[in-house]
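Report on the following structure.
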Amino acid sequence: MIPHKTIDRLCSYRRILFRWHLRGKERFHSYELAQEAGITAAQVRRDLMSLKNIGTPRNGYATASIITELGAILEGAEDQKAVLVGAGKLGKAILSYFAGRRPNIRIVAAFDSDPTKVGSVLAACPCLPLTDLDETVRRHGALVAILTVPGSAAQEIATALVGAGIRAIINFSPAKLKVPEGIYIDDIDFSIALEKAVYFGRTLKDGTGIAPSSGPATPISEGSMHGALTKRILCIDDDLDVIESYRAILEQTGYEVAVALDGESGLEEARSHKPDLIILDVMMKDATEGFHIAYALRADAALREVPILMLTAISSEWNMKFDKDQDGAYLPVDAFVDKPVAPDTLLATVKRLLGLPREQINIMGSPQS
């Protein structure tokens, strides 16, 4: 389950990317999406790290591919069905707005208690009586409902929707719905939004208020998935944004994290405070600095048996012929992963390396059978 704030950001990203795609923008970089979304580039990279179509610092991300992947996350592989209850002016506007806009999300039926509306077709959607609600929801396997009814009727209809199998409700009514645990409710109250806008507009005009901030974006939490650990990990990488991404992922899982922005300071940090694992970039001051640092670490008797995870984009960024499975086996490192690495891949590799027996540490860098 992806956190609520992360889903908000993914939806925002996809809306921006749809607009870019229509303009013919085939590739983008994290800082561009960050500027458009009003967040940091590091946050964008953290949110996109778990996707299959990864980006690179030089080429960025493929717009169409990221749109497709975000669609798979948000909507799933199959078409999703929804129903709308309340075919008044707001309900009709919603039906008209969404008609054909989201091919993978379809409002299969509208419901209303007004006999003059029942039997009509609104934006290609049939309007049915409320007595057909349960059967229609079950037949289509709808999981989402849009509620645009008066507050006095909202709770009764919400209860019926949940009983029919609805698991998420967008509630436009002023009523505070009571539903069983495990049902998602998104309350949208235009009157409250308008009142807040009027207040801040007035106070900001008069100079008596401060514009509210949404606060820092919340990164994906991995702690509950992997459990708390207490190992110390040293990250050596000259890209501060990458460092902060790794730090966020690892610290939220319970690891203690130290950082260094170049090989020399990384060696000093390792010698001063021996880590349990070292995550090492290749391209820093030069294209192969990480290789030299790996050999220097193995030459130090106190650090020789510390596992090394080497992360790099050397093949994609420099077009250097480098096979991490063949050429990488000759290096004195214990795992070799291409950047950017997905959070789950990073955490799984870290966990495996921390569990390596001493005799399996690749001290000499000989080919592995």
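As shown in the structure tokens, the chain order sets the letters A, B, ...; within each chain, residues go from 1, and ligands are also counted from 1 in the order they appear.
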
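If you count only C-alpha atoms and ignore residues fewer than 6 places along the chain from A:Glu78, what sits within 10 Å of it is Ala72, Asn104 and Ile105 of chain A.
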
Restricting it to N, CA and C atoms, dump the selection as a PDB file, in the first residue's frame.
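Output contents, as saved in selection33.pdb:
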ATOM      1  N   ALA A  72      -0.528   2.095 -14.653  1.00  0.00           N
ATOM      2  CA  ALA A  72      -0.625   0.729 -14.129  1.00  0.00           C
ATOM      3  C   ALA A  72      -0.691   0.733 -12.614  1.00  0.00           C
ATOM      4  N   ASN A 104      -9.331   3.813 -18.955  1.00  0.00           N
ATOM      5  CA  ASN A 104      -9.246   2.685 -18.029  1.00  0.00           C
ATOM      6  C   ASN A 104     -10.141   2.841 -16.808  1.00  0.00           C
ATOM      7  N   ILE A 105     -10.810   3.980 -16.702  1.00  0.00           N
ATOM      8  CA  ILE A 105     -11.757   4.194 -15.603  1.00  0.00           C
ATOM      9  C   ILE A 105     -13.100   4.570 -16.219  1.00  0.00           C
TER      10      ILE A 105
END

- Task: Report as JSON, numbers by chain: the residues of stretch 118-286 of chain A with a DSSP assignment of helix (DSSP H, G or I), based on the backbone of this structure.
- Result: {"A": [130, 131, 132, 133, 134, 135, 136, 137, 138, 139, 140, 151, 152, 153, 154, 155, 156, 157, 158, 159, 160, 161, 162, 163, 164, 190, 191, 192, 193, 194, 195, 196, 197, 198, 199, 200, 201, 202, 203, 204, 205, 206, 223, 224, 225, 226, 240, 241, 242, 243, 244, 245, 246, 247, 248, 249, 250, 251, 252, 263, 264, 265, 266, 267, 268, 269, 270, 271, 272]}

Written file, previous selection with C-alpha atoms, as a compact mmCIF listing (two decimals), in the first residue's frame:
# COMPACT_ATOMS: atom_id res chain seq x y z
CA LEU A 130 -31.68 3.29 -6.63
CA THR A 131 -33.37 -0.11 -6.39
CA ASP A 132 -30.94 -1.35 -9.07
CA LEU A 133 -27.84 -0.16 -7.19
CA ASP A 134 -26.83 -3.41 -5.47
CA GLU A 135 -27.30 -5.63 -8.53
CA THR A 136 -25.54 -3.19 -10.86
CA VAL A 137 -22.50 -2.72 -8.62
CA ARG A 138 -22.10 -6.47 -8.17
CA ARG A 139 -22.60 -7.28 -11.86
CA HIS A 140 -19.95 -4.80 -13.01
CA GLY A 151 -26.30 15.23 3.21
CA SER A 152 -29.53 13.79 4.63
CA ALA A 153 -29.39 10.84 2.22
CA ALA A 154 -25.63 10.31 2.08
CA GLN A 155 -25.14 7.90 5.00
CA GLU A 156 -27.90 5.51 3.97
CA ILE A 157 -26.61 5.35 0.40
CA ALA A 158 -22.99 4.96 1.53
CA THR A 159 -24.00 1.99 3.67
CA ALA A 160 -25.78 0.42 0.70
CA LEU A 161 -22.76 1.01 -1.54
CA VAL A 162 -20.38 -0.65 0.90
CA GLY A 163 -22.77 -3.58 1.24
CA ALA A 164 -22.79 -3.98 -2.54
CA PHE A 190 -16.61 22.94 -2.16
CA SER A 191 -18.11 25.26 0.45
CA ILE A 192 -15.23 24.69 2.88
CA ALA A 193 -12.70 25.14 0.08
CA LEU A 194 -14.38 28.43 -0.92
CA GLU A 195 -14.50 29.67 2.68
CA LYS A 196 -10.79 28.92 3.16
CA ALA A 197 -9.93 30.65 -0.12
CA VAL A 198 -11.95 33.73 0.90
CA TYR A 199 -10.22 33.87 4.29
CA PHE A 200 -6.68 33.61 2.93
CA GLY A 201 -7.43 35.90 0.01
CA ARG A 202 -8.74 38.58 2.39
CA THR A 203 -6.01 38.29 5.01
CA LEU A 204 -3.19 38.17 2.47
CA LYS A 205 -4.59 41.24 0.73
CA ASP A 206 -4.67 43.10 4.06
CA GLY A 223 10.16 0.81 7.70
CA SER A 224 7.00 -1.20 8.22
CA MET A 225 7.89 -3.46 5.28
CA HIS A 226 11.39 -4.41 6.29
CA LEU A 240 23.94 15.05 -3.10
CA ASP A 241 20.40 14.32 -4.32
CA VAL A 242 21.23 10.62 -4.73
CA ILE A 243 22.84 10.60 -1.28
CA GLU A 244 19.71 12.11 0.25
CA SER A 245 17.52 9.57 -1.54
CA TYR A 246 19.55 6.67 -0.18
CA ARG A 247 19.63 8.24 3.27
CA ALA A 248 15.84 8.62 3.35
CA ILE A 249 15.23 5.04 2.22
CA LEU A 250 17.76 3.49 4.60
CA GLU A 251 17.04 5.60 7.68
CA GLN A 252 13.31 4.98 7.43
CA GLY A 263 36.28 8.89 -2.41
CA GLU A 264 38.94 10.52 -0.22
CA SER A 265 36.50 11.70 2.45
CA GLY A 266 34.73 8.34 2.18
CA LEU A 267 37.97 6.55 3.06
CA GLU A 268 38.50 8.88 6.02
CA GLU A 269 34.98 8.32 7.28
CA ALA A 270 35.32 4.54 6.92
CA ARG A 271 38.59 4.54 8.85
CA SER A 272 37.24 6.81 11.59

Exercise for the section: Apply DSSP to the structure's backbone, then extract all residues of stretch 262-308 of chain A labelled strand (DSSP E or B) and return them as a PyMOL selection string. Expected result: chain A and resi 277-281+308

In Å and to one decimal, atom CA of A:Phe28 is distant from atom CA of A:Asp238 by 22.1 Å
